[in-house]
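Below is protein_30.pdb, which holds PDB, C-alpha atoms and all ligand atoms.
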ATOM      1  CA  TYR A   1     -46.460  -3.647 -13.593
ATOM      2  CA  GLU A   2     -47.713  -3.055 -10.036
ATOM      3  CA  SER A   3     -48.338   0.425  -8.784
ATOM      4  CA  LYS A   4     -45.224   2.134  -7.547
ATOM      5  CA  LYS A   5     -47.043   3.126  -4.400
ATOM      6  CA  ILE A   6     -47.553  -0.404  -3.176
ATOM      7  CA  LYS A   7     -44.821  -1.098  -0.682
ATOM      8  CA  ASN A   8     -45.785  -4.637   0.200
ATOM      9  CA  SER A   9     -42.599  -6.128  -1.095
ATOM     10  CA  ALA A  10     -43.371  -9.764  -0.305
ATOM     11  CA  HIS A  11     -46.570  -9.556  -2.317
ATOM     12  CA  ILE A  12     -45.038  -7.780  -5.263
ATOM     13  CA  PHE A  13     -42.106 -10.082  -5.211
ATOM     14  CA  ALA A  14     -44.275 -13.221  -5.120
ATOM     15  CA  ASN A  15     -46.174 -11.964  -8.161
ATOM     16  CA  ALA A  16     -43.010 -10.989  -9.935
ATOM     17  CA  MET A  17     -41.575 -14.446  -9.323
ATOM     18  CA  GLN A  18     -44.260 -15.966 -11.536
ATOM     19  CA  GLU A  19     -43.241 -13.756 -14.394
ATOM     20  CA  GLY A  20     -39.913 -15.546 -14.681
ATOM     21  CA  PHE A  21     -37.843 -13.985 -17.398
ATOM     22  CA  LEU A  22     -39.642 -10.639 -17.245
ATOM     23  CA  LYS A  23     -38.894 -10.508 -13.561
ATOM     24  CA  ASN A  24     -35.171 -10.794 -14.169
ATOM     25  CA  VAL A  25     -35.170  -8.127 -16.857
ATOM     26  CA  HIS A  26     -37.079  -5.821 -14.561
ATOM     27  CA  ILE A  27     -34.856  -6.492 -11.534
ATOM     28  CA  GLU A  28     -31.807  -5.887 -13.674
ATOM     29  CA  GLN A  29     -33.178  -2.535 -14.838
ATOM     30  CA  GLU A  30     -33.928  -1.552 -11.262
ATOM     31  CA  LEU A  31     -30.530  -2.759 -10.089
ATOM     32  CA  ARG A  32     -28.822  -0.448 -12.567
ATOM     33  CA  LYS A  33     -30.481   2.479 -10.792
ATOM     34  CA  ALA A  34     -30.153   1.085  -7.274
ATOM     35  CA  MET A  35     -26.723   2.445  -6.504
ATOM     36  CA  ALA A  36     -27.439   5.963  -7.742
ATOM     37  CA  HIS A  37     -30.646   5.939  -5.702
ATOM     38  CA  HIS A  38     -28.844   4.777  -2.553
ATOM     39  CA  GLU A  39     -30.952   1.642  -2.294
ATOM     40  CA  LEU A  40     -28.033  -0.672  -1.534
ATOM     41  CA  PHE A  41     -26.591  -0.903   1.960
ATOM     42  CA  MET A  42     -24.646  -3.275   4.162
ATOM     43  CA  VAL A  43     -25.637  -5.189   7.280
ATOM     44  CA  TYR A  44     -23.227  -7.027   9.552
ATOM     45  CA  GLN A  45     -23.653 -10.377  11.275
ATOM     46  CA  PRO A  46     -21.537 -10.998  14.401
ATOM     47  CA  GLN A  47     -19.252 -14.021  14.425
ATOM     48  CA  MET A  48     -18.545 -15.753  17.716
ATOM     49  CA  ASP A  49     -15.794 -17.933  19.082
ATOM     50  CA  VAL A  50     -16.205 -21.032  21.204
ATOM     51  CA  GLU A  51     -16.334 -18.999  24.448
ATOM     52  CA  GLY A  52     -19.178 -16.870  23.120
ATOM     53  CA  SER A  53     -17.073 -13.764  22.450
ATOM     54  CA  VAL A  54     -17.381 -11.779  19.243
ATOM     55  CA  TYR A  55     -14.271 -11.923  17.076
ATOM     56  CA  GLY A  56     -15.650 -10.460  13.870
ATOM     57  CA  VAL A  57     -18.528  -9.710  11.539
ATOM     58  CA  GLU A  58     -19.658 -10.813   8.088
ATOM     59  CA  ALA A  59     -20.787  -8.009   5.808
ATOM     60  CA  LEU A  60     -23.941  -8.825   3.840
ATOM     61  CA  ILE A  61     -25.542  -6.639   1.194
ATOM     62  CA  ARG A  62     -29.167  -5.523   1.278
ATOM     63  CA  TRP A  63     -31.247  -3.944  -1.459
ATOM     64  CA  ASN A  64     -34.321  -1.963  -0.496
ATOM     65  CA  SER A  65     -35.796  -1.184  -3.906
ATOM     66  CA  SER A  66     -38.366   1.587  -4.123
ATOM     67  CA  HIS A  67     -40.242  -0.500  -6.705
ATOM     68  CA  LEU A  68     -39.627  -4.077  -5.609
ATOM     69  CA  GLY A  69     -39.217  -3.788  -1.855
ATOM     70  CA  LEU A  70     -36.503  -5.804  -0.126
ATOM     71  CA  VAL A  71     -34.873  -8.069  -2.701
ATOM     72  CA  PRO A  72     -32.756 -10.900  -1.216
ATOM     73  CA  PRO A  73     -29.110 -11.035  -2.325
ATOM     74  CA  ASN A  74     -29.585 -14.607  -3.569
ATOM     75  CA  ASP A  75     -31.996 -13.131  -6.141
ATOM     76  CA  PHE A  76     -29.976 -10.164  -7.338
ATOM     77  CA  ILE A  77     -26.310 -11.139  -6.941
ATOM     78  CA  PRO A  78     -26.555 -13.795  -9.705
ATOM     79  CA  LEU A  79     -28.251 -11.220 -11.942
ATOM     80  CA  ALA A  80     -25.561  -8.677 -11.155
ATOM     81  CA  GLU A  81     -22.980 -11.308 -12.087
ATOM     82  CA  ALA A  82     -24.692 -12.180 -15.369
ATOM     83  CA  SER A  83     -25.351  -8.586 -16.428
ATOM     84  CA  GLY A  84     -21.857  -7.238 -15.775
ATOM     85  CA  LEU A  85     -22.957  -5.042 -12.878
ATOM     86  CA  MET A  86     -21.053  -7.015 -10.255
ATOM     87  CA  PRO A  87     -17.669  -5.279 -10.444
ATOM     88  CA  LYS A  88     -19.364  -1.924  -9.820
ATOM     89  CA  ILE A  89     -21.532  -3.270  -6.990
ATOM     90  CA  GLY A  90     -18.488  -5.087  -5.664
ATOM     91  CA  ARG A  91     -16.536  -1.833  -5.451
ATOM     92  CA  PHE A  92     -19.451  -0.249  -3.619
ATOM     93  CA  ILE A  93     -19.429  -3.159  -1.142
ATOM     94  CA  VAL A  94     -15.694  -2.961  -0.463
ATOM     95  CA  GLU A  95     -15.755   0.826  -0.045
ATOM     96  CA  THR A  96     -18.837   0.854   2.181
ATOM     97  CA  VAL A  97     -17.611  -1.955   4.417
ATOM     98  CA  CYS A  98     -14.170  -0.387   4.851
ATOM     99  CA  LEU A  99     -15.595   3.065   5.601
ATOM    100  CA  GLU A 100     -18.254   1.837   8.016
ATOM    101  CA  MET A 101     -16.084  -0.660   9.872
ATOM    102  CA  GLN A 102     -13.207   1.775  10.194
ATOM    103  CA  ALA A 103     -15.643   4.321  11.666
ATOM    104  CA  LEU A 104     -16.874   1.680  14.098
ATOM    105  CA  HIS A 105     -13.317   0.811  15.029
ATOM    106  CA  GLN A 106     -12.638   4.479  15.804
ATOM    107  CA  ILE A 107     -15.488   4.418  18.315
ATOM    108  CA  LEU A 108     -14.773   1.015  19.853
ATOM    109  CA  GLN A 109     -10.975   1.224  19.763
ATOM    110  CA  HIS A 110     -10.961  -2.532  19.553
ATOM    111  CA  PRO A 111      -9.597  -4.800  16.828
ATOM    112  CA  PHE A 112     -11.952  -7.183  15.083
ATOM    113  CA  GLN A 113     -12.129  -8.867  11.732
ATOM    114  CA  VAL A 114     -14.468  -8.181   8.832
ATOM    115  CA  SER A 115     -15.484 -10.844   6.315
ATOM    116  CA  ILE A 116     -16.509  -9.638   2.859
ATOM    117  CA  ASN A 117     -18.216 -11.946   0.348
ATOM    118  CA  ILE A 118     -16.524 -11.772  -3.033
ATOM    119  CA  SER A 119     -18.373 -13.242  -6.005
ATOM    120  CA  VAL A 120     -16.564 -15.007  -8.820
ATOM    121  CA  ARG A 121     -16.896 -12.150 -11.341
ATOM    122  CA  GLN A 122     -15.838  -9.628  -8.753
ATOM    123  CA  PHE A 123     -12.763 -11.667  -7.903
ATOM    124  CA  MET A 124     -11.849 -12.192 -11.559
ATOM    125  CA  ASP A 125     -12.267  -8.518 -12.422
ATOM    126  CA  ALA A 126      -8.906  -7.126 -13.506
ATOM    127  CA  GLY A 127      -9.026  -4.131 -11.178
ATOM    128  CA  PHE A 128     -10.250  -6.001  -8.098
ATOM    129  CA  LEU A 129      -7.052  -6.264  -6.111
ATOM    130  CA  GLU A 130      -5.842  -2.754  -6.905
ATOM    131  CA  HIS A 131      -9.173  -1.279  -5.854
ATOM    132  CA  LEU A 132      -9.152  -3.297  -2.639
ATOM    133  CA  LEU A 133      -5.630  -2.116  -1.806
ATOM    134  CA  GLN A 134      -6.496   1.479  -2.578
ATOM    135  CA  THR A 135      -9.630   1.358  -0.421
ATOM    136  CA  ILE A 136      -7.735  -0.185   2.490
ATOM    137  CA  GLU A 137      -5.172   2.619   2.269
ATOM    138  CA  GLN A 138      -7.737   5.398   1.948
ATOM    139  CA  THR A 139      -9.887   4.188   4.819
ATOM    140  CA  GLN A 140      -6.930   3.213   7.000
ATOM    141  CA  MET A 141      -8.426  -0.243   7.353
ATOM    142  CA  ARG A 142      -5.004  -1.647   8.120
ATOM    143  CA  SER A 143      -5.897  -1.667  11.795
ATOM    144  CA  LEU A 144      -8.652  -4.207  11.162
ATOM    145  CA  SER A 145      -8.159  -7.622   9.699
ATOM    146  CA  ILE A 146     -10.021  -8.431   6.514
ATOM    147  CA  THR A 147     -11.213 -11.841   5.352
ATOM    148  CA  LEU A 148     -12.457 -12.482   1.827
ATOM    149  CA  GLU A 149     -15.183 -15.117   1.553
ATOM    150  CA  VAL A 150     -15.063 -16.955  -1.754
ATOM    151  CA  THR A 151     -16.985 -20.023  -2.905
ATOM    152  CA  GLU A 152     -15.757 -23.278  -4.343
ATOM    153  CA  ASN A 153     -17.109 -22.227  -7.763
ATOM    154  CA  LEU A 154     -14.222 -19.809  -8.073
ATOM    155  CA  PHE A 155     -11.886 -22.753  -8.441
ATOM    156  CA  ILE A 156     -13.788 -24.701 -11.089
ATOM    157  CA  GLU A 157     -11.936 -22.906 -13.853
ATOM    158  CA  ASP A 158      -8.253 -22.980 -13.167
ATOM    159  CA  VAL A 159      -6.747 -23.207  -9.723
ATOM    160  CA  HIS A 160      -3.257 -22.483 -11.018
ATOM    161  CA  SER A 161      -4.111 -19.129 -12.555
ATOM    162  CA  LEU A 162      -5.748 -18.005  -9.306
ATOM    163  CA  LEU A 163      -2.860 -18.972  -7.091
ATOM    164  CA  PRO A 164      -0.716 -15.859  -7.744
ATOM    165  CA  LEU A 165      -3.679 -13.601  -6.977
ATOM    166  CA  LEU A 166      -4.442 -15.491  -3.761
ATOM    167  CA  LYS A 167      -0.809 -15.268  -2.736
ATOM    168  CA  GLN A 168      -0.802 -11.507  -3.334
ATOM    169  CA  ILE A 169      -3.912 -11.190  -1.189
ATOM    170  CA  LYS A 170      -2.303 -13.243   1.568
ATOM    171  CA  ALA A 171       0.838 -11.102   1.348
ATOM    172  CA  MET A 172      -1.365  -8.090   2.117
ATOM    173  CA  GLY A 173      -2.328  -9.732   5.408
ATOM    174  CA  ILE A 174      -5.822 -10.606   4.174
ATOM    175  CA  GLN A 175      -7.359 -13.963   5.067
ATOM    176  CA  ILE A 176      -9.228 -16.276   2.696
ATOM    177  CA  SER A 177     -12.379 -18.105   3.746
ATOM    178  CA  MET A 178     -14.114 -20.834   1.749
ATOM    179  CA  ASP A 179     -17.848 -20.132   1.976
ATOM    180  CA  ASP A 180     -20.658 -22.722   1.722
ATOM    181  CA  PHE A 181     -18.072 -25.459   1.828
ATOM    182  CA  GLY A 182     -19.308 -28.849   0.674
ATOM    183  CA  THR A 183     -22.130 -27.571  -1.528
ATOM    184  CA  GLY A 184     -20.154 -26.999  -4.710
ATOM    185  CA  TYR A 185     -17.176 -28.310  -6.545
ATOM    186  CA  SER A 186     -14.333 -29.128  -4.243
ATOM    187  CA  SER A 187     -11.423 -31.467  -4.094
ATOM    188  CA  LEU A 188      -8.952 -32.247  -1.387
ATOM    189  CA  SER A 189      -6.023 -31.478  -3.657
ATOM    190  CA  MET A 190      -7.483 -28.020  -4.235
ATOM    191  CA  LEU A 191      -7.581 -27.402  -0.471
ATOM    192  CA  ARG A 192      -4.006 -28.551  -0.215
ATOM    193  CA  LYS A 193      -2.783 -26.142  -2.901
ATOM    194  CA  LEU A 194      -4.685 -23.044  -1.879
ATOM    195  CA  PRO A 195      -3.800 -20.676   0.977
ATOM    196  CA  ILE A 196      -7.147 -20.983   2.750
ATOM    197  CA  ASP A 197      -7.470 -19.892   6.386
ATOM    198  CA  GLU A 198     -11.060 -20.811   7.124
ATOM    199  CA  LEU A 199     -13.835 -23.174   6.004
ATOM    200  CA  LYS A 200     -17.484 -22.230   6.417
ATOM    201  CA  ILE A 201     -19.893 -25.102   6.922
ATOM    202  CA  ASP A 202     -22.985 -24.378   4.850
ATOM    203  CA  LYS A 203     -26.219 -23.656   6.690
ATOM    204  CA  SER A 204     -27.962 -26.574   4.948
ATOM    205  CA  PHE A 205     -25.755 -29.099   6.779
ATOM    206  CA  VAL A 206     -26.238 -27.358  10.119
ATOM    207  CA  ASP A 207     -30.011 -27.293   9.531
ATOM    208  CA  GLU A 208     -30.257 -31.024   8.932
ATOM    209  CA  MET A 209     -27.567 -32.165  11.339
ATOM    210  CA  PHE A 210     -30.011 -33.633  13.880
ATOM    211  CA  GLU A 211     -32.427 -35.305  11.455
ATOM    212  CA  ASP A 212     -30.124 -36.443   8.709
ATOM    213  CA  ASP A 213     -27.215 -38.704   9.546
ATOM    214  CA  ALA A 214     -25.475 -37.906   6.252
ATOM    215  CA  ALA A 215     -25.639 -34.171   7.003
ATOM    216  CA  GLN A 216     -24.129 -34.822  10.426
ATOM    217  CA  LYS A 217     -21.336 -36.857   8.836
ATOM    218  CA  MET A 218     -20.711 -34.006   6.379
ATOM    219  CA  VAL A 219     -20.345 -31.597   9.299
ATOM    220  CA  GLN A 220     -17.925 -33.914  11.075
ATOM    221  CA  ASN A 221     -15.906 -34.496   7.912
ATOM    222  CA  ILE A 222     -15.653 -30.805   7.029
ATOM    223  CA  ILE A 223     -14.429 -30.043  10.551
ATOM    224  CA  ALA A 224     -11.902 -32.891  10.422
ATOM    225  CA  ILE A 225     -10.558 -31.862   7.006
ATOM    226  CA  GLY A 226     -10.287 -28.208   7.971
ATOM    227  CA  LYS A 227      -8.627 -28.977  11.290
ATOM    228  CA  ASN A 228      -6.095 -31.270   9.625
ATOM    229  CA  PHE A 229      -5.150 -28.460   7.266
ATOM    230  CA  GLY A 230      -4.856 -26.047  10.210
ATOM    231  CA  MET A 231      -7.882 -23.978   9.221
ATOM    232  CA  HIS A 232     -10.547 -22.326  11.340
ATOM    233  CA  ILE A 233     -14.039 -23.767  10.952
ATOM    234  CA  VAL A 234     -17.098 -21.508  10.997
ATOM    235  CA  ALA A 235     -20.591 -22.962  11.199
ATOM    236  CA  GLU A 236     -23.151 -20.720   9.516
ATOM    237  CA  GLY A 237     -26.883 -20.614  10.212
ATOM    238  CA  VAL A 238     -26.612 -21.704  13.849
ATOM    239  CA  GLU A 239     -30.090 -21.159  15.260
ATOM    240  CA  THR A 240     -30.180 -23.209  18.476
ATOM    241  CA  LYS A 241     -28.126 -23.907  21.568
ATOM    242  CA  GLU A 242     -28.225 -27.622  20.703
ATOM    243  CA  GLN A 243     -26.660 -26.979  17.303
ATOM    244  CA  LYS A 244     -23.948 -24.818  18.832
ATOM    245  CA  GLU A 245     -23.153 -27.476  21.431
ATOM    246  CA  LEU A 246     -22.953 -30.377  18.993
ATOM    247  CA  LEU A 247     -20.807 -28.327  16.615
ATOM    248  CA  SER A 248     -18.459 -27.443  19.492
ATOM    249  CA  LEU A 249     -18.277 -31.091  20.450
ATOM    250  CA  PHE A 250     -17.242 -31.926  16.874
ATOM    251  CA  GLY A 251     -14.444 -29.329  17.114
ATOM    252  CA  CYS A 252     -15.965 -26.353  15.318
ATOM    253  CA  ASP A 253     -14.360 -23.173  16.682
ATOM    254  CA  ARG A 254     -16.383 -20.324  15.157
ATOM    255  CA  PHE A 255     -20.128 -19.716  14.943
ATOM    256  CA  GLN A 256     -22.541 -17.479  13.148
ATOM    257  CA  GLY A 257     -26.320 -17.521  13.177
ATOM    258  CA  TYR A 258     -29.586 -16.191  14.517
ATOM    259  CA  TYR A 259     -28.927 -17.950  17.849
ATOM    260  CA  PHE A 260     -26.290 -15.284  18.484
ATOM    261  CA  ALA A 261     -27.374 -12.412  16.273
ATOM    262  CA  LYS A 262     -29.050 -11.615  12.960
ATOM    263  CA  PRO A 263     -27.289  -9.453  10.382
ATOM    264  CA  LEU A 264     -27.509  -5.946  11.879
ATOM    265  CA  PRO A 265     -27.501  -2.399  10.515
ATOM    266  CA  LYS A 266     -24.294  -0.650  11.598
ATOM    267  CA  GLU A 267     -25.988   1.298  14.414
ATOM    268  CA  ASP A 268     -27.340  -1.919  15.961
ATOM    269  CA  LEU A 269     -24.001  -3.612  15.448
ATOM    270  CA  LEU A 270     -22.314  -0.896  17.486
ATOM    271  CA  LYS A 271     -24.757  -1.544  20.342
ATOM    272  CA  PHE A 272     -24.239  -5.297  20.078
ATOM    273  CA  LEU A 273     -20.471  -4.933  20.156
ATOM    274  CA  GLN A 274     -20.623  -2.600  23.145
ATOM    275  CA  GLU A 275     -22.803  -5.055  25.052
ATOM    276  CA  ASN A 276     -20.880  -8.231  24.253
ATOM    277  CA  SER A 277     -17.389  -9.397  25.033
ATOM    278  CA  PHE A 278     -14.753  -9.247  22.347
ATOM    279  CA  THR A 279     -11.760 -11.386  21.570
ATOM    280  CA  CYS A 280      -8.551  -9.815  20.301
ATOM    281  CA  ASN A 281      -6.881 -12.850  18.823
ATOM    282  CA  VAL A 282      -7.568 -12.212  15.159
TER     283      VAL A 282
HETATM  284  P1  LIG B 301     -23.586 -16.482   2.592
HETATM  285  O1  LIG B 301     -22.380 -15.655   2.378
HETATM  286  O2  LIG B 301     -23.401 -17.939   2.776
HETATM  287  O3  LIG B 301     -24.321 -15.813   3.829
HETATM  288  C1  LIG B 301     -25.031 -16.519   4.793
HETATM  289  C2  LIG B 301     -26.511 -16.264   4.685
HETATM  290  O4  LIG B 301     -27.176 -16.940   5.739
HETATM  291  C3  LIG B 301     -26.925 -14.801   4.798
HETATM  292  O5  LIG B 301     -28.069 -14.608   3.963
HETATM  293  C4  LIG B 301     -27.332 -14.681   6.277
HETATM  294  O6  LIG B 301     -28.223 -13.619   6.513
HETATM  295  C5  LIG B 301     -27.992 -16.032   6.449
HETATM  296  N1  LIG B 301     -28.015 -16.479   7.843
HETATM  297  C6  LIG B 301     -27.037 -16.371   8.782
HETATM  298  N2  LIG B 301     -27.397 -16.955   9.931
HETATM  299  C7  LIG B 301     -28.632 -17.464   9.725
HETATM  300  C8  LIG B 301     -29.548 -18.201  10.548
HETATM  301  O7  LIG B 301     -29.279 -18.525  11.701
HETATM  302  N3  LIG B 301     -30.740 -18.547   9.988
HETATM  303  C9  LIG B 301     -31.059 -18.214   8.699
HETATM  304  N4  LIG B 301     -32.257 -18.592   8.226
HETATM  305  N5  LIG B 301     -30.211 -17.536   7.884
HETATM  306  C10 LIG B 301     -29.023 -17.164   8.405
HETATM  307  P2  LIG B 301     -28.213 -13.369   2.993
HETATM  308  O8  LIG B 301     -27.734 -12.133   3.673
HETATM  309  O9  LIG B 301     -29.586 -13.399   2.450
HETATM  310  O10 LIG B 301     -27.173 -13.695   1.850
HETATM  311  C11 LIG B 301     -27.338 -14.799   1.003
HETATM  312  C12 LIG B 301     -26.153 -14.961   0.087
HETATM  313  O11 LIG B 301     -26.042 -13.859  -0.811
HETATM  314  C13 LIG B 301     -24.826 -15.012   0.833
HETATM  315  O12 LIG B 301     -24.616 -16.305   1.367
HETATM  316  C14 LIG B 301     -23.867 -14.631  -0.277
HETATM  317  O13 LIG B 301     -23.625 -15.729  -1.106
HETATM  318  C15 LIG B 301     -24.682 -13.604  -1.042
HETATM  319  N6  LIG B 301     -24.297 -12.260  -0.554
HETATM  320  C16 LIG B 301     -24.807 -11.564   0.481
HETATM  321  N7  LIG B 301     -24.169 -10.383   0.631
HETATM  322  C17 LIG B 301     -23.213 -10.355  -0.336
HETATM  323  C18 LIG B 301     -22.199  -9.388  -0.704
HETATM  324  O14 LIG B 301     -22.005  -8.324  -0.085
HETATM  325  N8  LIG B 301     -21.408  -9.729  -1.770
HETATM  326  C19 LIG B 301     -21.566 -10.885  -2.461
HETATM  327  N9  LIG B 301     -20.754 -11.117  -3.495
HETATM  328  N10 LIG B 301     -22.482 -11.803  -2.137
HETATM  329  C20 LIG B 301     -23.305 -11.545  -1.087
HETATM  330 MG    MG B 302     -20.569 -15.571   3.257
HETATM  331 MG    MG B 303     -21.961 -18.982   3.631
HETATM  332 MG    MG B 304     -24.517 -20.095   2.588
END

Would it be possible to restate this file's structure as structure tokens?
Ligand code: C2E
Ligand code: MG
Ligand code: MG
Ligand code: MG
Amino acid sequence: YESKKIKNSAHIFANAMQEGFLKNVHIEQELRKAMAHHELFMVYQPQMDVEGSVYGVEALIRWNSSHLGLVPPNDFIPLAEASGLMPKIGRFIVETVCLEMQALHQILQHPFQVSINISVRQFMDAGFLEHLLQTIEQTQMRSLSITLEVTENLFIEDVHSLLPLLKQIKAMGIQISMDDFGTGYSSLSMLRKLPIDELKIDKSFVDEMFEDDAAQKMVQNIIAIGKNFGMHIVAEGVETKEQKELLSLFGCDRFQGYYFAKPLPKEDLLKFLQENSFTCNV
């Protein structure tokens, strides 16, 4: 394999990509060590309301591997899922987010909401809810509102068996958001049965909204469906003023994307939150 001293992650990663299977085995081995070596950390992307105020943040994991460089979550989360590492990484995510956001709240003295992505395996893990509850208690996160972002794939299996768990989560005052909505398996009856507070329009639809009429129709339909069910609608991957304006026109009420802010390390997030106006209505 490449010399450990080479830090050019993009280069190493491009080479590693060609090695297919070997790549995955190697990443998995490195991932096993990543937590002990403090290579995993969280960044936070601000979420804005229609008036341009921040109402919350989405926590996103980052892995800066000493051997592989920066590995995108889309490359290692599926491996973590497949190799059984996800529950452990998931606990790290929940604990880190709660600790860091509670610390931020202490400084800002201002309520905001935190969205945490929860993968299917993480959600299905027997100890998930108990650990979440325990972490909320220990970090005194009760003063901040928590949203769990799940994907449609979670509901492929059996909606009915998940319902009690979702209801327990709701009873704890935690919100449920449906991430990447429209890209996976979804049915209207599923939306009707599940206690979902928010739909996230996938970035791919936002990207193609101006060029592709079907993508624009998807955006309009997702907003209409969500609104009719009384849900909030978040557009992800908003990169331009034009996108934000068209989405607002269609009735979208929440926005996230590089146009407003990139995912930020916690220190930069603090600065961003101090410099921007906040909403309290979460
Ligand atoms: P996601 O939850 O749908 O997150 C949105 C992704 O879009 C993030 O990529 C974010 O950085 C990116 N993004 C946001 N705004 C823009 C924009 O304006 N332009 C562009 N080009 N990208 C934008 P990221 O951080 O690479 O995460 C990718 C996916 O990996 C996430 O998709 C989520 O499925 C997964 N993931 C990330 N962090 C976590 C985590 O802590 N736990 C779990 N289970 N999954 C995670
Ligand atoms: Mg998400
Ligand atoms: Mg998403
Ligand atoms: Mg997405």

*Step by step, work through what the PyMOL selection byres (((not hetatm)) within 10 of (chain B and resi 303)) selects in the shown file, and finish by giving those residues as a VMD selection string.*
chain A and resid 58 117 149 to 151 177 to 181 199 to 204 234 to 237 256

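Across the model, the gap from CA of Gln102 in chain A to CA of Leu85 in chain A is 26.0 Å.
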
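One distance worth recording is that between CA of Gly182 in chain A and CA of Asn74 in chain A, which is 18.1 Å.
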
*asked:* List the spatial neighbours of Met35 in chain A as a PyMOL selection string - criterion: any atom at most 10 Å away, all atoms listed in the file, same-chain residues fewer than 4 positions off excluded.
replied: chain A and resi 30-31+39-41+63+88-89+92

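Separating CA of Phe128 in chain A from CA of Lys262 in chain A is a distance of 28.8 Å.
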
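Between Val43 in chain A and the residues A:Arg192, A:Lys271, A:Lys266, A:His232, the shortest atom-to-atom distance, using only C-alpha atoms, involves A:Lys266.
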
*Which is closest to Asn24 in chain A among A:Leu60, A:Ile77, A:Leu191, A:Val50, if we use all atoms listed in the file?*
A:Ile77

*Specify as a ChimeraX atom specification each residue included when the PyMOL selection byres (((chain A and resi 103) around 12) and not hetatm) is applied to this file.*
/A:96-102,104-110,139-141,143-144,266-267,270

Could you write out that same residue set with C-alpha atoms as a PDB file, in the coordinates of the input?
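Printed below is again_23.pdb as written:
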ATOM      1  CA  THR A  96     -18.837   0.854   2.181  1.00  0.00           C
ATOM      2  CA  VAL A  97     -17.611  -1.955   4.417  1.00  0.00           C
ATOM      3  CA  CYS A  98     -14.170  -0.387   4.851  1.00  0.00           C
ATOM      4  CA  LEU A  99     -15.595   3.065   5.601  1.00  0.00           C
ATOM      5  CA  GLU A 100     -18.254   1.837   8.016  1.00  0.00           C
ATOM      6  CA  MET A 101     -16.084  -0.660   9.872  1.00  0.00           C
ATOM      7  CA  GLN A 102     -13.207   1.775  10.194  1.00  0.00           C
ATOM      8  CA  LEU A 104     -16.874   1.680  14.098  1.00  0.00           C
ATOM      9  CA  HIS A 105     -13.317   0.811  15.029  1.00  0.00           C
ATOM     10  CA  GLN A 106     -12.638   4.479  15.804  1.00  0.00           C
ATOM     11  CA  ILE A 107     -15.488   4.418  18.315  1.00  0.00           C
ATOM     12  CA  LEU A 108     -14.773   1.015  19.853  1.00  0.00           C
ATOM     13  CA  GLN A 109     -10.975   1.224  19.763  1.00  0.00           C
ATOM     14  CA  HIS A 110     -10.961  -2.532  19.553  1.00  0.00           C
ATOM     15  CA  THR A 139      -9.887   4.188   4.819  1.00  0.00           C
ATOM     16  CA  GLN A 140      -6.930   3.213   7.000  1.00  0.00           C
ATOM     17  CA  MET A 141      -8.426  -0.243   7.353  1.00  0.00           C
ATOM     18  CA  SER A 143      -5.897  -1.667  11.795  1.00  0.00           C
ATOM     19  CA  LEU A 144      -8.652  -4.207  11.162  1.00  0.00           C
ATOM     20  CA  LYS A 266     -24.294  -0.650  11.598  1.00  0.00           C
ATOM     21  CA  GLU A 267     -25.988   1.298  14.414  1.00  0.00           C
ATOM     22  CA  LEU A 270     -22.314  -0.896  17.486  1.00  0.00           C
TER      23      LEU A 270
END

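Here the question is which of A:His26, A:Arg142, A:Lys33, A:Arg121 gets nearest to ligand LIG 301 (chain B) using only C-alpha atoms and all ligand atoms, and that residue is A:Arg121.
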
Quick one: 8 Å padding each side, axis-aligned, all listed atoms of ligand LIG 301 (chain B) - centre and edge lengths in Å to one decimal, as lines of an AutoDock Vina configuration file?
center_x = -26.5
center_y = -13.5
center_z = 4.1
size_x = 27.5
size_y = 26.3
size_z = 31.2

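Shortest atom-to-atom contact with ligand LIG 301 (chain B) among A:Gly173, A:Gly257, A:Gly127, A:Gly56: A:Gly257, counting all atoms listed in the file.
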
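The smallest atom-to-atom distance between ligand MG 302 (chain B) and any of A:Val94, A:Met231, A:Val57, A:Leu247, using all atoms listed in the file, is found for A:Val57.
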
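Between ligand LIG 301 (chain B) and the candidates A:Arg32, A:Arg62, A:His37, A:Arg254, the tightest atom-to-atom separation, counting all atoms listed in the file, involves A:Arg62.
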
_Need the shell around Leu188 in chain A: protein/DNA/RNA residues with any atom at most 12 Å away, counting all atoms listed in the file. Skip same-chain ones fewer than 6 positions apart. Format as number ranges by chain?_
A: 152, 181-182, 194, 221-222, 225-226, 228-229

Take the PyMOL selection byres (((chain A and resi 279) around 12) and not hetatm), run it mentally on this structure, and tell me the resulting residues as a JSON list (two decimals) with C-alpha atoms, keeping the file's coordinate frame.
[["chain", "number", "residue", "atom", "x", "y", "z"],
["A", 47, "GLN", "CA", -19.25, -14.02, 14.42],
["A", 48, "MET", "CA", -18.55, -15.75, 17.72],
["A", 49, "ASP", "CA", -15.79, -17.93, 19.08],
["A", 50, "VAL", "CA", -16.20, -21.03, 21.20],
["A", 51, "GLU", "CA", -16.33, -19.00, 24.45],
["A", 52, "GLY", "CA", -19.18, -16.87, 23.12],
["A", 53, "SER", "CA", -17.07, -13.76, 22.45],
["A", 54, "VAL", "CA", -17.38, -11.78, 19.24],
["A", 55, "TYR", "CA", -14.27, -11.92, 17.08],
["A", 56, "GLY", "CA", -15.65, -10.46, 13.87],
["A", 110, "HIS", "CA", -10.96, -2.53, 19.55],
["A", 111, "PRO", "CA", -9.60, -4.80, 16.83],
["A", 112, "PHE", "CA", -11.95, -7.18, 15.08],
["A", 113, "GLN", "CA", -12.13, -8.87, 11.73],
["A", 254, "ARG", "CA", -16.38, -20.32, 15.16],
["A", 273, "LEU", "CA", -20.47, -4.93, 20.16],
["A", 276, "ASN", "CA", -20.88, -8.23, 24.25],
["A", 277, "SER", "CA", -17.39, -9.40, 25.03],
["A", 278, "PHE", "CA", -14.75, -9.25, 22.35],
["A", 280, "CYS", "CA", -8.55, -9.82, 20.30],
["A", 281, "ASN", "CA", -6.88, -12.85, 18.82],
["A", 282, "VAL", "CA", -7.57, -12.21, 15.16]]
